[in-house]
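S.K.: Please find run_36.csv (CSV, C-alpha atoms) on the next line:
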chain,number,residue,atom,x,y,z
Y,9,MET,CA,-10.2,0.7,66.5
Y,10,THR,CA,-11.4,-1.8,63.9
Y,11,ASP,CA,-10.8,-1.7,60.2
Y,12,PRO,CA,-14.0,-0.6,58.5
Y,13,ALA,CA,-13.2,-2.7,55.4
Y,14,PRO,CA,-12.4,-6.4,56.0
Y,15,GLY,CA,-9.6,-7.7,53.9
Y,16,ARG,CA,-8.3,-4.2,53.1
Y,17,GLU,CA,-4.7,-5.2,53.8
Y,18,ALA,CA,-4.9,-8.2,51.5
Y,19,PHE,CA,-6.5,-6.0,48.8
Y,20,GLU,CA,-3.7,-3.4,49.1
Y,21,ALA,CA,-1.0,-6.1,49.1
Y,22,GLU,CA,-2.4,-7.6,45.9
Y,23,VAL,CA,-3.5,-4.5,44.0
Y,24,ILE,CA,-0.9,-1.8,44.7
Y,25,PRO,CA,1.9,-3.7,42.9
Y,26,GLN,CA,-0.4,-3.8,39.8
Y,27,LEU,CA,-1.1,-0.1,39.6
Y,28,ASP,CA,1.7,0.7,37.1
Y,29,SER,CA,0.6,-2.0,34.8
Y,30,LEU,CA,-3.0,-0.8,35.1
Y,31,TYR,CA,-2.0,2.7,34.3
Y,32,ARG,CA,0.0,1.7,31.3
Y,33,LEU,CA,-2.9,-0.3,29.9
Y,34,ALA,CA,-5.4,2.6,30.6
Y,35,LEU,CA,-3.1,5.1,28.9
Y,36,ARG,CA,-2.8,2.9,25.9
Y,37,LEU,CA,-6.6,2.6,25.7
Y,38,THR,CA,-7.5,6.2,26.3
Y,39,THR,CA,-4.4,8.0,25.0
Y,40,ASP,CA,-5.0,10.7,27.6
Y,41,PRO,CA,-3.2,10.7,30.9
Y,42,SER,CA,-6.0,12.3,32.8
Y,43,ARG,CA,-8.6,9.9,31.5
Y,44,ALA,CA,-6.2,7.0,32.2
Y,45,GLU,CA,-5.9,8.0,35.8
Y,46,ASP,CA,-9.7,8.2,36.1
Y,47,LEU,CA,-10.0,4.8,34.5
Y,48,VAL,CA,-7.5,3.2,36.9
Y,49,GLN,CA,-9.3,4.9,39.9
Y,50,ASP,CA,-12.6,3.5,38.7
Y,51,THR,CA,-11.0,0.0,38.2
Y,52,VAL,CA,-9.6,0.0,41.7
Y,53,LEU,CA,-12.8,1.1,43.2
Y,54,LYS,CA,-14.8,-1.6,41.4
Y,55,ALA,CA,-12.2,-4.2,42.4
Y,56,PHE,CA,-12.4,-3.1,46.0
Y,57,ARG,CA,-16.2,-3.3,46.0
Y,58,SER,CA,-16.1,-6.8,44.6
Y,59,TRP,CA,-13.0,-8.0,46.5
Y,60,GLN,CA,-15.0,-10.7,48.3
Y,61,ARG,CA,-15.6,-12.4,44.9
Y,62,PHE,CA,-11.9,-12.6,44.1
Y,63,GLN,CA,-10.6,-16.1,44.6
Y,64,PRO,CA,-7.1,-16.0,46.3
Y,65,GLY,CA,-4.5,-17.9,44.3
Y,66,THR,CA,-5.9,-16.9,40.9
Y,67,ASN,CA,-4.3,-14.3,38.6
Y,68,ILE,CA,-5.0,-10.9,40.2
Y,69,ARG,CA,-3.5,-9.1,37.2
Y,70,SER,CA,-5.9,-10.6,34.6
Y,71,TRP,CA,-8.8,-10.0,37.0
Y,72,LEU,CA,-7.9,-6.3,37.3
Y,73,PHE,CA,-7.2,-6.0,33.6
Y,74,THR,CA,-10.7,-7.5,32.8
Y,75,ILE,CA,-12.3,-5.0,35.2
Y,76,LEU,CA,-10.4,-2.1,33.5
Y,77,ARG,CA,-11.2,-3.3,30.0
Y,78,ASN,CA,-14.9,-3.7,30.8
Y,79,THR,CA,-15.0,-0.3,32.5
Y,80,PHE,CA,-13.3,1.3,29.4
Y,81,ILE,CA,-15.8,-0.3,27.0
Y,82,ASN,CA,-18.8,0.7,29.1
Y,83,ASP,CA,-17.6,4.3,29.3
Y,84,TYR,CA,-16.9,4.3,25.6
Y,85,ARG,CA,-20.4,3.1,24.7
Y,86,ARG,CA,-22.0,5.6,27.1
Y,87,ARG,CA,-20.0,8.5,25.5
Y,88,GLN,CA,-21.2,7.3,22.0
Y,89,ARG,CA,-24.8,7.7,23.1
Y,90,GLU,CA,-24.3,11.2,24.4
Y,91,PRO,CA,-25.1,14.1,22.1
Y,92,ILE,CA,-22.2,16.0,20.7
Y,93,PRO,CA,-22.0,19.6,22.1
Y,94,MET,CA,-22.0,22.2,19.5
Y,95,ASP,CA,-21.7,26.0,19.4
Y,96,LEU,CA,-24.9,27.5,18.1
Y,97,GLU,CA,-23.1,30.5,16.7
Y,98,THR,CA,-21.1,28.2,14.4
Y,99,ALA,CA,-24.0,26.0,13.4
Y,100,GLU,CA,-26.7,28.6,12.9
Y,101,PRO,CA,-25.6,29.9,9.4
Y,102,HIS,CA,-25.5,26.3,8.1
Y,103,ALA,CA,-28.8,25.2,9.7
Y,104,THR,CA,-31.0,28.0,8.5
Y,105,PHE,CA,-33.1,27.8,5.4
Y,106,ARG,CA,-32.3,30.4,2.8
Y,107,ALA,CA,-35.2,31.7,0.9
Y,108,VAL,CA,-35.0,31.4,-2.9
Y,109,ASP,CA,-35.3,34.9,-4.4
Y,110,ASP,CA,-34.7,33.7,-8.0
Y,111,GLU,CA,-37.6,33.3,-10.4
Y,112,ASP,CA,-35.8,30.3,-12.1
Y,113,PRO,CA,-33.6,28.6,-9.5
Y,114,GLU,CA,-32.9,25.6,-11.8
Y,115,GLY,CA,-31.7,28.0,-14.6
Y,116,SER,CA,-29.5,29.8,-12.1
Y,117,PHE,CA,-28.0,26.5,-11.0
Y,118,PHE,CA,-27.2,25.3,-14.5
Y,119,ALA,CA,-25.9,28.8,-15.5
Y,120,GLN,CA,-23.3,28.4,-12.8
Y,121,ILE,CA,-22.1,25.0,-14.0
Y,122,VAL,CA,-22.7,25.0,-17.7
Y,123,ASP,CA,-20.4,27.0,-20.0
Y,124,ALA,CA,-21.8,29.7,-22.4
Y,125,LYS,CA,-20.4,27.8,-25.4
Y,126,VAL,CA,-22.3,24.7,-24.4
Y,127,LEU,CA,-25.6,26.7,-24.2
Y,128,GLU,CA,-24.9,28.3,-27.6
Y,129,ALA,CA,-24.3,24.8,-29.1
Y,130,ILE,CA,-27.6,23.5,-27.6
Y,131,ASP,CA,-29.5,26.5,-29.0
Y,132,ARG,CA,-28.1,25.8,-32.5
Y,133,LEU,CA,-29.3,22.2,-32.6
Y,134,PRO,CA,-32.2,21.6,-35.0
Y,135,GLU,CA,-35.6,20.9,-33.5
Y,136,ASP,CA,-35.6,17.3,-34.8
Y,137,SER,CA,-32.5,16.4,-32.7
Y,138,ALA,CA,-34.5,16.9,-29.5
Y,139,ARG,CA,-36.4,13.6,-30.1
Y,140,PHE,CA,-35.1,10.5,-28.5
Please express the file's structure as structure tokens.
M.R.:
Amino acid sequence: MTDPAPGREAFEAEVIPQLDSLYRLALRLTTDPSRAEDLVQDTVLKAFRSWQRFQPGTNIRSWLFTILRNTFINDYRRRQREPIPMDLETAEPHATFRAVDDEDPEGSFFAQIVDAKVLEAIDRLPEDSARF
């Protein structure tokens, strides 16, 4: 029986010793063990698919770290473009327009923030002081 993937033994011999380091870096980037495992799995899969491009004798660790970092950045950018899921029950009261039942909404607003003493003082001002 022939090996379906040429160079599989060489790949395993080079990559398996690096799995702990890959996981530690992935955990540091994601801060979530489950996402870190997924990131390492994606990294190893991408490395295996492009194994024929790896030049033996070069630094396998930095090659794998570069794949991991680029995968993390691409996933992060993709997640940033996705809409944020939101519960409509929570958002609905804030999103609806409330009809204004007041005859004088501006007066109601200022009545809430201006003290009665201030209004009395404004009413006592002579008419001439209203000019600028």
S.K.: Give me the residues within 9 Å of Leu27 (chain Y) as a list of chain:residue names, counting only C-alpha atoms and dropping any in the same chain fewer than 4 places off.
M.R.: Y:Val23, Y:Tyr31, Y:Arg32, Y:Val48, Y:Val52
S.K.: Under the rule that all atoms listed in the file are counted, which of Y:Leu33, Y:Ala21, Y:Ala44, Y:Ile130 is the nearest residue to Pro64 (chain Y)?
M.R.: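 Nearest to Pro64 (chain Y): Y:Ala21.
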S.K.: CA of Pro41 (chain Y) to CA of Phe62 (chain Y): how many Å, to one decimal?
M.R.: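 Distance between the two atoms: 28.2 Å.
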S.K.: Find the distance between CA of Arg43 (chain Y) and CA of Glu20 (chain Y) and write it in Å to one decimal.
M.R.: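 According to the coordinates, CA of Arg43 (chain Y) and CA of Glu20 (chain Y) are separated by 22.6 Å.
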S.K.: May I ask for the distance between CA of Gly65 (chain Y) and CA of Arg77 (chain Y), given in Å to one decimal place?
M.R.: 21.5 Å
S.K.: Of the candidates Y:Gln63, Y:Ala55, Y:Thr98, Y:Phe80, which shows the shortest atom-to-atom distance to Thr39 (chain Y), using only C-alpha atoms?
M.R.: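 Under the stated criterion, the closest residue is Y:Phe80.
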